[in-house]
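**Q** Dropping in target-v9.cif, with mmCIF, C-alpha atoms and all ligand atoms.
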data_protein
#
loop_
_atom_site.group_PDB
_atom_site.id
_atom_site.type_symbol
_atom_site.label_atom_id
_atom_site.label_comp_id
_atom_site.auth_asym_id
_atom_site.auth_seq_id
_atom_site.Cartn_x
_atom_site.Cartn_y
_atom_site.Cartn_z
ATOM 1 C CA MET A 831 13.025 -4.921 -0.184
ATOM 2 C CA ASN A 832 12.339 -8.287 1.362
ATOM 3 C CA GLU A 833 12.810 -11.419 -0.728
ATOM 4 C CA VAL A 834 9.477 -13.045 0.155
ATOM 5 C CA LEU A 835 7.614 -9.788 -0.363
ATOM 6 C CA ASP A 836 9.445 -9.130 -3.615
ATOM 7 C CA ARG A 837 8.293 -12.493 -4.867
ATOM 8 C CA LYS A 838 4.733 -11.913 -3.703
ATOM 9 C CA TYR A 839 4.332 -8.252 -4.444
ATOM 10 C CA GLY A 840 7.246 -7.363 -6.704
ATOM 11 C CA TYR A 841 5.543 -4.379 -8.231
ATOM 12 C CA LEU A 842 4.219 -2.909 -4.982
ATOM 13 C CA SER A 843 7.397 -3.613 -3.103
ATOM 14 C CA ASN A 844 9.379 -1.621 -5.689
ATOM 15 C CA PHE A 845 6.832 1.132 -5.746
ATOM 16 C CA PHE A 846 7.064 1.664 -1.985
ATOM 17 C CA LYS A 847 10.834 1.443 -2.025
ATOM 18 C CA THR A 848 11.034 4.239 -4.606
ATOM 19 C CA ALA A 849 8.349 6.260 -2.835
ATOM 20 C CA ILE A 850 10.247 6.070 0.449
ATOM 21 C CA GLU A 851 13.592 6.885 -1.163
ATOM 22 C CA GLU A 852 12.096 9.939 -2.815
ATOM 23 C CA ASN A 853 10.234 10.894 0.339
ATOM 24 C CA ARG A 854 6.935 10.819 -1.509
ATOM 25 C CA LEU A 855 5.033 8.127 0.309
ATOM 26 C CA PHE A 856 1.442 9.129 0.941
ATOM 27 C CA HIS A 857 0.658 9.564 4.645
ATOM 28 C CA SER A 858 -2.319 7.247 4.407
ATOM 29 C CA VAL A 859 -2.063 3.971 2.522
ATOM 30 C CA ILE A 860 -4.677 1.263 2.004
ATOM 31 C CA LEU A 861 -3.586 -2.249 1.080
ATOM 32 C CA TYR A 862 -6.524 -4.313 -0.089
ATOM 33 C CA GLY A 863 -6.856 -7.947 -1.118
ATOM 34 C CA SER A 864 -7.531 -11.261 0.531
ATOM 35 C CA ASN A 865 -4.161 -12.228 2.052
ATOM 36 C CA ASN A 866 -4.086 -9.938 5.079
ATOM 37 C CA LEU A 867 -1.157 -11.717 6.737
ATOM 38 C CA ILE A 868 1.265 -10.998 3.910
ATOM 39 C CA GLN A 869 -0.183 -7.484 3.637
ATOM 40 C CA TYR A 870 0.690 -7.114 7.286
ATOM 41 C CA ALA A 871 4.289 -8.120 6.534
ATOM 42 C CA LEU A 872 4.358 -5.563 3.725
ATOM 43 C CA ALA A 873 3.144 -2.896 6.164
ATOM 44 C CA LEU A 874 5.949 -3.790 8.591
ATOM 45 C CA GLU A 875 8.467 -3.715 5.764
ATOM 46 C CA ILE A 876 7.290 -0.206 4.845
ATOM 47 C CA ALA A 877 7.728 0.763 8.506
ATOM 48 C CA ARG A 878 11.215 -0.746 8.484
ATOM 49 C CA GLN A 879 12.242 1.097 5.333
ATOM 50 C CA LEU A 880 10.957 4.325 6.856
ATOM 51 C CA ASN A 881 12.898 3.861 10.088
ATOM 52 C CA CYS A 882 16.115 2.071 9.124
ATOM 53 C CA LEU A 883 19.187 3.900 10.411
ATOM 54 C CA GLU A 884 21.514 2.315 7.873
ATOM 55 C CA ASP A 885 21.098 1.185 4.266
ATOM 56 C CA LYS A 886 17.675 -0.545 4.508
ATOM 57 C CA ARG A 887 19.026 -3.870 3.337
ATOM 58 C CA GLU A 888 16.941 -6.888 4.227
ATOM 59 C CA ASP A 889 19.261 -8.224 6.932
ATOM 60 C CA CYS A 890 20.070 -4.833 8.468
ATOM 61 C CA GLN A 891 20.738 -5.163 12.186
ATOM 62 C CA CYS A 892 20.266 -1.539 13.200
ATOM 63 C CA ARG A 893 18.175 -1.020 16.308
ATOM 64 C CA ASN A 894 15.074 0.101 14.455
ATOM 65 C CA CYS A 895 15.135 -2.801 12.002
ATOM 66 C CA ARG A 896 15.600 -5.286 14.819
ATOM 67 C CA TRP A 897 12.772 -3.810 16.883
ATOM 68 C CA ILE A 898 10.400 -3.711 13.951
ATOM 69 C CA ARG A 899 11.172 -7.326 13.023
ATOM 70 C CA GLU A 900 10.515 -8.281 16.642
ATOM 71 C CA ASN A 901 7.353 -6.177 16.529
ATOM 72 C CA LYS A 902 8.298 -4.213 19.611
ATOM 73 C CA HIS A 903 9.202 -0.857 18.109
ATOM 74 C CA PRO A 904 7.594 1.939 20.168
ATOM 75 C CA ALA A 905 6.664 3.934 17.061
ATOM 76 C CA VAL A 906 5.222 1.110 14.969
ATOM 77 C CA MET A 907 1.835 0.185 16.368
ATOM 78 C CA THR A 908 -0.757 -2.325 15.286
ATOM 79 C CA ILE A 909 -4.240 -1.074 16.019
ATOM 80 C CA SER A 910 -6.905 -3.775 16.058
ATOM 81 C CA LYS A 911 -9.692 -4.832 18.359
ATOM 82 C CA ILE A 912 -7.163 -6.976 20.309
ATOM 83 C CA ASP A 913 -3.939 -4.974 19.912
ATOM 84 C CA ASN A 914 -2.919 -1.823 21.752
ATOM 85 C CA LYS A 915 -5.985 -1.797 23.927
ATOM 86 C CA THR A 916 -6.607 -0.192 27.278
ATOM 87 C CA ASP A 917 -10.389 -0.507 27.454
ATOM 88 C CA SER A 918 -12.548 -3.595 27.713
ATOM 89 C CA SER A 919 -14.292 -3.527 24.324
ATOM 90 C CA LYS A 920 -13.606 -6.793 22.545
ATOM 91 C CA THR A 921 -15.257 -6.470 19.173
ATOM 92 C CA VAL A 922 -14.190 -3.067 17.887
ATOM 93 C CA ILE A 923 -11.356 -0.608 17.574
ATOM 94 C CA SER A 924 -12.638 1.785 20.210
ATOM 95 C CA GLU A 925 -12.671 5.545 20.295
ATOM 96 C CA GLU A 926 -10.354 5.275 23.284
ATOM 97 C CA GLN A 927 -7.783 3.497 21.119
ATOM 98 C CA ILE A 928 -8.073 6.206 18.508
ATOM 99 C CA ASN A 929 -7.532 8.791 21.231
ATOM 100 C CA ILE A 930 -4.351 6.998 22.287
ATOM 101 C CA VAL A 931 -3.121 7.173 18.692
ATOM 102 C CA LEU A 932 -4.032 10.851 18.448
ATOM 103 C CA ASP A 933 -2.377 11.602 21.802
ATOM 104 C CA THR A 934 0.910 10.090 20.657
ATOM 105 C CA LEU A 935 0.850 12.460 17.686
ATOM 106 C CA ILE A 936 0.868 15.549 19.882
ATOM 107 C CA ASN A 937 4.576 15.164 20.608
ATOM 108 C CA SER A 938 7.107 15.034 17.842
ATOM 109 C CA SER A 939 9.253 11.956 17.484
ATOM 110 C CA ASP A 940 12.628 11.046 16.039
ATOM 111 C CA TYR A 941 11.003 7.949 14.611
ATOM 112 C CA HIS A 942 8.768 7.745 11.594
ATOM 113 C CA ARG A 943 5.568 6.609 13.263
ATOM 114 C CA VAL A 944 3.535 3.944 11.518
ATOM 115 C CA PHE A 945 0.065 2.813 12.579
ATOM 116 C CA VAL A 946 -1.183 -0.398 11.011
ATOM 117 C CA PHE A 947 -4.961 -0.689 11.251
ATOM 118 C CA CYS A 948 -6.508 -4.108 10.785
ATOM 119 C CA ASP A 949 -8.901 -6.567 12.353
ATOM 120 C CA ALA A 950 -7.272 -9.463 14.227
ATOM 121 C CA GLU A 951 -7.979 -12.450 16.420
ATOM 122 C CA MET A 952 -6.157 -15.228 18.254
ATOM 123 C CA LYS A 953 -7.203 -18.452 16.555
ATOM 124 C CA ASN A 954 -6.450 -22.066 15.681
ATOM 125 C CA LEU A 955 -5.118 -22.040 12.154
ATOM 126 C CA SER A 956 -6.537 -24.056 9.273
ATOM 127 C CA ASP A 957 -4.085 -25.865 6.985
ATOM 128 C CA SER A 958 -4.083 -23.099 4.418
ATOM 129 C CA GLU A 959 -3.621 -20.498 7.149
ATOM 130 C CA LYS A 960 -0.674 -22.495 8.484
ATOM 131 C CA GLN A 961 0.867 -22.294 5.040
ATOM 132 C CA GLU A 962 0.318 -18.523 5.000
ATOM 133 C CA TYR A 963 1.888 -18.322 8.434
ATOM 134 C CA ARG A 964 5.014 -20.135 7.245
ATOM 135 C CA GLU A 965 5.282 -17.604 4.462
ATOM 136 C CA PHE A 966 4.825 -14.780 6.940
ATOM 137 C CA ASN A 967 7.520 -16.270 9.199
ATOM 138 C CA ASN A 968 9.858 -16.393 6.213
ATOM 139 C CA THR A 969 9.570 -12.630 5.854
ATOM 140 C CA GLY A 970 11.458 -12.395 9.169
ATOM 141 C CA PHE A 971 8.745 -10.387 10.922
ATOM 142 C CA LYS A 972 6.918 -11.376 14.068
ATOM 143 C CA PRO A 973 3.237 -10.799 14.822
ATOM 144 C CA PRO A 974 2.346 -8.314 17.584
ATOM 145 C CA GLN A 975 1.255 -11.120 19.923
ATOM 146 C CA SER A 976 2.970 -14.466 20.285
ATOM 147 C CA ASP A 977 1.129 -17.766 20.010
ATOM 148 C CA ASP A 978 0.345 -20.016 22.968
ATOM 149 C CA GLY A 979 1.153 -23.157 21.001
ATOM 150 C CA GLU A 980 -2.401 -23.473 19.744
ATOM 151 C CA LYS A 981 -3.769 -20.059 19.071
ATOM 152 C CA PHE A 982 -1.975 -17.690 16.732
ATOM 153 C CA TRP A 983 -2.406 -13.977 16.154
ATOM 154 C CA TYR A 984 -4.042 -13.661 12.779
ATOM 155 C CA PRO A 985 -5.009 -10.431 11.002
ATOM 156 C CA LYS A 986 -8.146 -9.854 8.986
ATOM 157 C CA GLY A 987 -9.256 -7.019 6.798
ATOM 158 C CA ILE A 988 -10.681 -4.069 8.630
ATOM 159 C CA ASN A 989 -14.323 -3.208 7.982
ATOM 160 C CA THR A 990 -16.991 -0.901 9.318
ATOM 161 C CA ASN A 991 -18.110 -3.486 11.898
ATOM 162 C CA CYS A 992 -14.816 -3.453 13.784
ATOM 163 C CA PHE A 993 -13.838 0.092 12.811
ATOM 164 C CA SER A 994 -16.982 2.116 13.276
ATOM 165 C CA PRO A 995 -17.684 5.334 11.376
ATOM 166 C CA VAL A 996 -17.448 7.197 14.704
ATOM 167 C CA ALA A 997 -13.948 5.851 15.413
ATOM 168 C CA ALA A 998 -12.901 6.317 11.785
ATOM 169 C CA ASN A 999 -14.206 9.878 11.684
ATOM 170 C CA ALA A 1000 -12.192 10.733 14.769
ATOM 171 C CA MET A 1001 -9.110 9.966 12.662
ATOM 172 C CA LEU A 1002 -10.014 12.062 9.665
ATOM 173 C CA LYS A 1003 -8.355 15.291 10.611
ATOM 174 C CA SER A 1004 -5.081 13.522 11.352
ATOM 175 C CA ILE A 1005 -5.258 11.646 8.094
ATOM 176 C CA GLU A 1006 -5.907 14.859 6.241
ATOM 177 C CA GLU A 1007 -3.240 16.942 7.965
ATOM 178 C CA PRO A 1008 -0.873 14.543 9.681
ATOM 179 C CA PRO A 1009 2.170 15.747 11.590
ATOM 180 C CA SER A 1010 5.369 15.031 9.711
ATOM 181 C CA LYS A 1011 6.793 11.513 9.750
ATOM 182 C CA VAL A 1012 3.492 9.719 10.352
ATOM 183 C CA THR A 1013 2.050 7.028 8.109
ATOM 184 C CA PHE A 1014 -1.274 5.251 8.513
ATOM 185 C CA ILE A 1015 -1.657 1.897 6.820
ATOM 186 C CA PHE A 1016 -5.053 0.211 6.575
ATOM 187 C CA LEU A 1017 -5.369 -3.476 5.694
ATOM 188 C CA THR A 1018 -8.668 -4.463 4.189
ATOM 189 C CA ASN A 1019 -10.154 -7.052 1.868
ATOM 190 C CA ASP A 1020 -12.050 -4.505 -0.136
ATOM 191 C CA LYS A 1021 -11.902 -0.736 -0.241
ATOM 192 C CA ASP A 1022 -15.684 -0.670 0.171
ATOM 193 C CA ASP A 1023 -15.160 -2.069 3.675
ATOM 194 C CA LEU A 1024 -13.650 1.260 4.721
ATOM 195 C CA LEU A 1025 -15.360 4.555 5.231
ATOM 196 C CA GLN A 1026 -15.367 6.455 1.947
ATOM 197 C CA THR A 1027 -13.936 9.549 3.636
ATOM 198 C CA ILE A 1028 -10.827 7.550 4.556
ATOM 199 C CA VAL A 1029 -10.518 5.989 1.106
ATOM 200 C CA SER A 1030 -10.690 9.390 -0.554
ATOM 201 C CA ARG A 1031 -7.822 10.687 1.612
ATOM 202 C CA SER A 1032 -5.585 7.665 0.998
ATOM 203 C CA GLN A 1033 -3.655 5.955 -1.723
ATOM 204 C CA ALA A 1034 -5.094 2.488 -2.217
ATOM 205 C CA PHE A 1035 -3.107 -0.407 -3.620
ATOM 206 C CA TYR A 1036 -4.383 -3.812 -4.591
ATOM 207 C CA ALA A 1037 -2.068 -6.254 -2.839
ATOM 208 C CA ALA A 1038 -2.884 -9.338 -4.863
ATOM 209 C CA ASP A 1039 -3.053 -12.803 -3.404
ATOM 210 C CA THR A 1040 -0.635 -15.665 -4.023
ATOM 211 C CA LYS A 1041 -0.981 -15.853 -7.773
ATOM 212 C CA ILE A 1042 1.414 -13.768 -9.788
ATOM 213 C CA ILE A 1043 -0.442 -11.441 -12.091
ATOM 214 C CA GLU A 1044 0.874 -11.197 -15.621
ATOM 215 C CA TYR A 1045 1.038 -7.623 -16.771
ATOM 216 C CA ASN A 1046 0.891 -7.228 -20.526
ATOM 217 C CA THR A 1047 2.614 -4.073 -21.691
ATOM 218 C CA ASP A 1048 3.051 -4.922 -25.399
ATOM 219 C CA PHE A 1049 -0.135 -3.217 -26.481
ATOM 220 C CA PHE A 1050 1.050 0.230 -25.425
ATOM 221 C CA ALA A 1051 4.848 -0.011 -25.056
ATOM 222 C CA GLY A 1052 5.358 1.448 -28.548
ATOM 223 C CA TYR A 1053 3.915 4.763 -27.420
ATOM 224 C CA PHE A 1054 6.674 5.025 -24.839
ATOM 225 C CA SER A 1055 9.520 4.713 -27.339
ATOM 226 C CA ASP A 1056 10.463 8.406 -26.975
ATOM 227 C CA TYR A 1057 9.622 8.547 -23.275
ATOM 228 C CA PRO A 1058 9.415 10.895 -21.463
ATOM 229 C CA ASN A 1059 8.378 12.652 -24.676
ATOM 230 C CA PHE A 1060 4.932 11.830 -25.869
ATOM 231 C CA ASN A 1061 3.511 13.894 -28.708
ATOM 232 C CA LEU A 1062 -0.120 14.910 -28.630
ATOM 233 C CA GLN A 1063 -1.165 12.841 -31.632
ATOM 234 C CA SER A 1064 0.344 9.721 -30.149
ATOM 235 C CA ALA A 1065 -1.284 10.623 -26.840
ATOM 236 C CA LEU A 1066 -4.666 10.443 -28.586
ATOM 237 C CA ASP A 1067 -3.773 7.136 -30.231
ATOM 238 C CA PHE A 1068 -2.520 5.896 -26.883
ATOM 239 C CA SER A 1069 -5.824 6.514 -25.133
ATOM 240 C CA SER A 1070 -7.732 4.769 -27.982
ATOM 241 C CA ALA A 1071 -5.319 1.828 -27.781
ATOM 242 C CA LEU A 1072 -6.013 1.456 -24.063
ATOM 243 C CA LEU A 1073 -9.742 1.571 -24.567
ATOM 244 C CA ASN A 1074 -9.661 -0.904 -27.476
ATOM 245 C CA TYR A 1075 -7.469 -3.349 -25.613
ATOM 246 C CA GLN A 1076 -9.729 -3.184 -22.594
ATOM 247 C CA THR A 1077 -12.907 -3.691 -24.641
ATOM 248 C CA GLU A 1078 -11.544 -6.499 -26.815
ATOM 249 C CA ASN A 1079 -10.331 -8.477 -23.822
ATOM 250 C CA GLU A 1080 -13.130 -7.510 -21.448
ATOM 251 C CA PHE A 1081 -10.578 -6.359 -18.887
ATOM 252 C CA GLU A 1082 -11.309 -4.089 -15.958
ATOM 253 C CA PRO A 1083 -9.893 -0.582 -16.407
ATOM 254 C CA GLU A 1084 -7.952 -1.064 -13.154
ATOM 255 C CA TYR A 1085 -6.009 -3.864 -14.843
ATOM 256 C CA ILE A 1086 -5.103 -1.614 -17.791
ATOM 257 C CA LEU A 1087 -3.867 1.055 -15.370
ATOM 258 C CA ASP A 1088 -1.965 -1.578 -13.356
ATOM 259 C CA CYS A 1089 -0.188 -2.593 -16.587
ATOM 260 C CA ILE A 1090 0.878 1.019 -17.143
ATOM 261 C CA GLN A 1091 2.133 1.340 -13.578
ATOM 262 C CA TYR A 1092 3.968 -1.945 -13.890
ATOM 263 C CA TYR A 1093 5.620 -0.684 -17.075
ATOM 264 C CA LEU A 1094 6.622 2.577 -15.394
ATOM 265 C CA VAL A 1095 8.075 0.733 -12.406
ATOM 266 C CA GLN A 1096 10.193 -1.417 -14.739
ATOM 267 C CA LEU A 1097 11.307 1.769 -16.465
ATOM 268 C CA ALA A 1098 12.236 3.242 -13.085
ATOM 269 C CA LYS A 1099 14.265 0.153 -12.231
ATOM 270 C CA SER A 1100 16.282 0.326 -15.440
ATOM 271 C CA ASN A 1101 16.893 4.075 -14.975
ATOM 272 C CA SER A 1102 17.613 4.088 -11.281
ATOM 273 C CA ASN A 1103 20.649 6.364 -11.712
ATOM 274 C CA ASN A 1104 18.846 9.033 -13.684
ATOM 275 C CA LYS A 1105 17.327 11.267 -10.990
ATOM 276 C CA ASN A 1106 15.534 13.596 -13.409
ATOM 277 C CA LEU A 1107 13.936 10.818 -15.371
ATOM 278 C CA LEU A 1108 13.031 9.007 -12.155
ATOM 279 C CA SER A 1109 11.097 11.951 -10.848
ATOM 280 C CA ILE A 1110 9.128 12.151 -14.130
ATOM 281 C CA ILE A 1111 8.424 8.424 -13.980
ATOM 282 C CA TYR A 1112 7.384 8.815 -10.393
ATOM 283 C CA ARG A 1113 4.954 11.592 -11.223
ATOM 284 C CA ASP A 1114 3.505 9.441 -13.993
ATOM 285 C CA ILE A 1115 3.007 6.553 -11.570
ATOM 286 C CA GLU A 1116 1.158 8.925 -9.244
ATOM 287 C CA LYS A 1117 -0.916 10.289 -12.113
ATOM 288 C CA THR A 1118 -1.872 6.728 -13.015
ATOM 289 C CA GLN A 1119 -2.882 6.256 -9.397
ATOM 290 C CA THR A 1120 -5.117 9.314 -9.722
ATOM 291 C CA ALA A 1121 -6.612 7.747 -12.850
ATOM 292 C CA LYS A 1122 -7.567 4.723 -10.754
ATOM 293 C CA LYS A 1123 -9.293 7.023 -8.308
ATOM 294 C CA MET A 1124 -11.279 8.552 -11.176
ATOM 295 C CA ILE A 1125 -12.387 5.059 -12.223
ATOM 296 C CA GLU A 1126 -13.475 4.406 -8.637
ATOM 297 C CA SER A 1127 -15.494 7.599 -8.741
ATOM 298 C CA TYR A 1128 -17.306 6.269 -11.835
ATOM 299 C CA VAL A 1129 -15.679 8.578 -14.359
ATOM 300 C CA LYS A 1130 -15.968 6.972 -17.825
ATOM 301 C CA GLU A 1131 -12.930 4.977 -18.960
ATOM 302 C CA ARG A 1132 -12.594 7.004 -22.150
ATOM 303 C CA THR A 1133 -12.348 10.247 -20.162
ATOM 304 C CA VAL A 1134 -9.870 8.726 -17.712
ATOM 305 C CA TYR A 1135 -7.593 7.391 -20.474
ATOM 306 C CA GLU A 1136 -7.729 10.671 -22.390
ATOM 307 C CA ASP A 1137 -6.926 12.650 -19.269
ATOM 308 C CA LEU A 1138 -3.928 10.402 -18.593
ATOM 309 C CA ALA A 1139 -2.755 10.515 -22.222
ATOM 310 C CA PHE A 1140 -2.959 14.310 -22.347
ATOM 311 C CA TYR A 1141 -1.018 14.513 -19.110
ATOM 312 C CA PHE A 1142 1.740 12.403 -20.700
ATOM 313 C CA GLY A 1143 1.447 14.396 -23.934
ATOM 314 C CA LYS A 1144 1.668 17.839 -22.347
ATOM 315 C CA ARG A 1145 5.409 17.882 -21.867
HETATM 316 ZN ZN ZN B 1 18.225 -0.865 9.537
#
Please express what this file holds, its structure, as structure tokens.
Ligand SMILES: [Zn+2]

**A**
Amino acid sequence: MNEVLDRKYGYLSNFFKTAIEENRLFHSVILYGSNNLIQYALALEIARQLNCLEDKREDCQCRNCRWIRENKHPAVMTISKIDNKTDSSKTVISEEQINIVLDTLINSSDYHRVFVFCDAEMKNLSDSEKQEYREFNNTGFKPPQSDDGEKFWYPKGINTNCFSPVAANAMLKSIEEPPSKVTFIFLTNDKDDLLQTIVSRSQAFYAADTKIIEYNTDFFAGYFSDYPNFNLQSALDFSSALLNYQTENEFEPEYILDCIQYYLVQLAKSNSNNKNLLSIIYRDIEKTQTAKKMIESYVKERTVYEDLAFYFGKR
């Protein structure tokens, strides 16, 4: 993917690259975390990978890549209270905007359409925001609106104040049964800022802020020595190992599951020529994503880990 994004979001960036290559990207994706500007660049990079007419390399000069970098691609739209507006509301993503989105979906398109939903404003940047902006500029993408020398377009996480339940609900059917080649991407600080009905129909990814998270995989790597085989006894031990490691270190279960996904992504990278193994790894990454959803729905960690271990152990 993109060098800046790889450095920032190495794990996610690889995950999306594989998902797009295997044509398995979810049609609704939530990126959550505090750095919405870099999330925005990641969303554009996903759009670029989906639409590139050549080999998707970072400096590709095909028409779609160029348009997306310039942020003027007709099929890649930013939807915020100040972007892609035809009505006079200034504080919300209006129902009219949602109708415009839905209208564009009636006709089929040669492009893979991507709608990036966020909050945004034109503002004077603080010093730390200027730093973020330099990083964003280094990704090679442009914001949807250019600055006037003082005020810069700046995205914020979407929430129920700017994206009302009425507007969000109008989207539900399309999120549930989208036409082919359509992806919705929501940028938010916290999943709880989005309507639960959207969250439950989407794949949510924590797009961490500037610090690089260390993923420890030592405490479970041994169980993967015969991967993709995983006998049932070791599956049981595996789930206990996860629970013990979590309890001893007072980690959140999401972190434990992130470590597993990180491990699987590394495994995918080192087996990138083995199509069969890749598709197993990919399914396991998705299953781990489902495990995160169970945690969000307050299923007990023990049950979640056992369910995951038995899934691995069943083959
Ligand atoms: Zn291209």

**Q** Hey, can you check how far atom CA of A:Arg943 sits from atom CA of A:Met907?

**A**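 Distance reported for this atom pair: 8.1 Å.
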
**Q** Considering only C-alpha atoms and all ligand atoms, tabulate each residue of chain A that lies at most 12 Å from ligand ZN 1 (chain B) along with its nearest interatomic pair and the corresponding distance in Å to one decimal; arrange the rows by chain and ascending residue number and present them as a tab-separated table.

**A**
residue	atom	partner	partner_atom	distance
A:Met831	CA	B:ZN1	ZN	11.7
A:Glu875	CA	B:ZN1	ZN	10.8
A:Ile876	CA	B:ZN1	ZN	11.9
A:Ala877	CA	B:ZN1	ZN	10.7
A:Arg878	CA	B:ZN1	ZN	7.1
A:Gln879	CA	B:ZN1	ZN	7.6
A:Leu880	CA	B:ZN1	ZN	9.3
A:Asn881	CA	B:ZN1	ZN	7.1
A:Cys882	CA	B:ZN1	ZN	3.6
A:Leu883	CA	B:ZN1	ZN	4.9
A:Glu884	CA	B:ZN1	ZN	4.9
A:Asp885	CA	B:ZN1	ZN	6.3
A:Lys886	CA	B:ZN1	ZN	5.1
A:Arg887	CA	B:ZN1	ZN	6.9
A:Glu888	CA	B:ZN1	ZN	8.1
A:Asp889	CA	B:ZN1	ZN	7.9
A:Cys890	CA	B:ZN1	ZN	4.5
A:Gln891	CA	B:ZN1	ZN	5.6
A:Cys892	CA	B:ZN1	ZN	4.2
A:Arg893	CA	B:ZN1	ZN	6.8
A:Asn894	CA	B:ZN1	ZN	5.9
A:Cys895	CA	B:ZN1	ZN	4.4
A:Arg896	CA	B:ZN1	ZN	7.4
A:Trp897	CA	B:ZN1	ZN	9.6
A:Ile898	CA	B:ZN1	ZN	9.4
A:Arg899	CA	B:ZN1	ZN	10.2

**Q** I'd like the neighbourhood of A:Phe846 as a ChimeraX atom specification, where a residue qualifies if any of its atoms comes within 12 Å (using only C-alpha atoms), though same-chain residues fewer than 6 positions away should be ignored.

**A** /A:831-832,835-836,839-840,852-856,859,861,872-880,1033,1035,1095,1112,1115-1116

**Q** Please expand the PyMOL selection byres (((chain A and resi 1118) around 12) and not hetatm) into the concrete residues it hits in this file, giving the result as a PDB file with C-alpha atoms, in the coordinates of the input.

**A**
ATOM      1  CA  GLN A1033      -3.655   5.955  -1.723  1.00  0.00           C
ATOM      2  CA  PHE A1035      -3.107  -0.407  -3.620  1.00  0.00           C
ATOM      3  CA  PRO A1083      -9.893  -0.582 -16.407  1.00  0.00           C
ATOM      4  CA  GLU A1084      -7.952  -1.064 -13.154  1.00  0.00           C
ATOM      5  CA  TYR A1085      -6.009  -3.864 -14.843  1.00  0.00           C
ATOM      6  CA  ILE A1086      -5.103  -1.614 -17.791  1.00  0.00           C
ATOM      7  CA  LEU A1087      -3.867   1.055 -15.370  1.00  0.00           C
ATOM      8  CA  ASP A1088      -1.965  -1.578 -13.356  1.00  0.00           C
ATOM      9  CA  CYS A1089      -0.188  -2.593 -16.587  1.00  0.00           C
ATOM     10  CA  ILE A1090       0.878   1.019 -17.143  1.00  0.00           C
ATOM     11  CA  GLN A1091       2.133   1.340 -13.578  1.00  0.00           C
ATOM     12  CA  TYR A1092       3.968  -1.945 -13.890  1.00  0.00           C
ATOM     13  CA  TYR A1093       5.620  -0.684 -17.075  1.00  0.00           C
ATOM     14  CA  LEU A1094       6.622   2.577 -15.394  1.00  0.00           C
ATOM     15  CA  VAL A1095       8.075   0.733 -12.406  1.00  0.00           C
ATOM     16  CA  ILE A1111       8.424   8.424 -13.980  1.00  0.00           C
ATOM     17  CA  TYR A1112       7.384   8.815 -10.393  1.00  0.00           C
ATOM     18  CA  ARG A1113       4.954  11.592 -11.223  1.00  0.00           C
ATOM     19  CA  ASP A1114       3.505   9.441 -13.993  1.00  0.00           C
ATOM     20  CA  ILE A1115       3.007   6.553 -11.570  1.00  0.00           C
ATOM     21  CA  GLU A1116       1.158   8.925  -9.244  1.00  0.00           C
ATOM     22  CA  LYS A1117      -0.916  10.289 -12.113  1.00  0.00           C
ATOM     23  CA  GLN A1119      -2.882   6.256  -9.397  1.00  0.00           C
ATOM     24  CA  THR A1120      -5.117   9.314  -9.722  1.00  0.00           C
ATOM     25  CA  ALA A1121      -6.612   7.747 -12.850  1.00  0.00           C
ATOM     26  CA  LYS A1122      -7.567   4.723 -10.754  1.00  0.00           C
ATOM     27  CA  LYS A1123      -9.293   7.023  -8.308  1.00  0.00           C
ATOM     28  CA  MET A1124     -11.279   8.552 -11.176  1.00  0.00           C
ATOM     29  CA  ILE A1125     -12.387   5.059 -12.223  1.00  0.00           C
ATOM     30  CA  VAL A1134      -9.870   8.726 -17.712  1.00  0.00           C
ATOM     31  CA  TYR A1135      -7.593   7.391 -20.474  1.00  0.00           C
ATOM     32  CA  GLU A1136      -7.729  10.671 -22.390  1.00  0.00           C
ATOM     33  CA  ASP A1137      -6.926  12.650 -19.269  1.00  0.00           C
ATOM     34  CA  LEU A1138      -3.928  10.402 -18.593  1.00  0.00           C
ATOM     35  CA  ALA A1139      -2.755  10.515 -22.222  1.00  0.00           C
ATOM     36  CA  TYR A1141      -1.018  14.513 -19.110  1.00  0.00           C
ATOM     37  CA  PHE A1142       1.740  12.403 -20.700  1.00  0.00           C
TER      38      PHE A1142
END

**Q** Using the chain letters and numbering of this document, enumerate as a PyMOL selection string the residues selected by the PyMOL selection byres (((chain A and resi 929) around 12) and not hetatm).

**A** chain A and resi 909+914-917+923-928+930-936+996-1001+1004

**Q** Around (-1.0, -8.8, 12.9), as given in the file, which residues come within 7 Å? Count only C-alpha atoms and list them as an NGL selection string.

**A** :A and (867 or 870 or 908 or 950 or 973-974 or 983-985)

**Q** So, with all atoms listed in the file as the atoms that count, which of A:Ala1037, A:Ala871, A:Leu1062, A:Ala905 lies closest to A:His942?

**A**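 Closest to A:His942 of all the choices is A:Ala905.
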
**Q** Taking all atoms listed in the file into account, name the residue in A:Ser1032, A:Ser910, A:Thr1027, A:Asn1103 that is nearest to A:Thr1013.

**A**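 Checking each candidate against A:Thr1013, we get A:Ser1032 as the closest.
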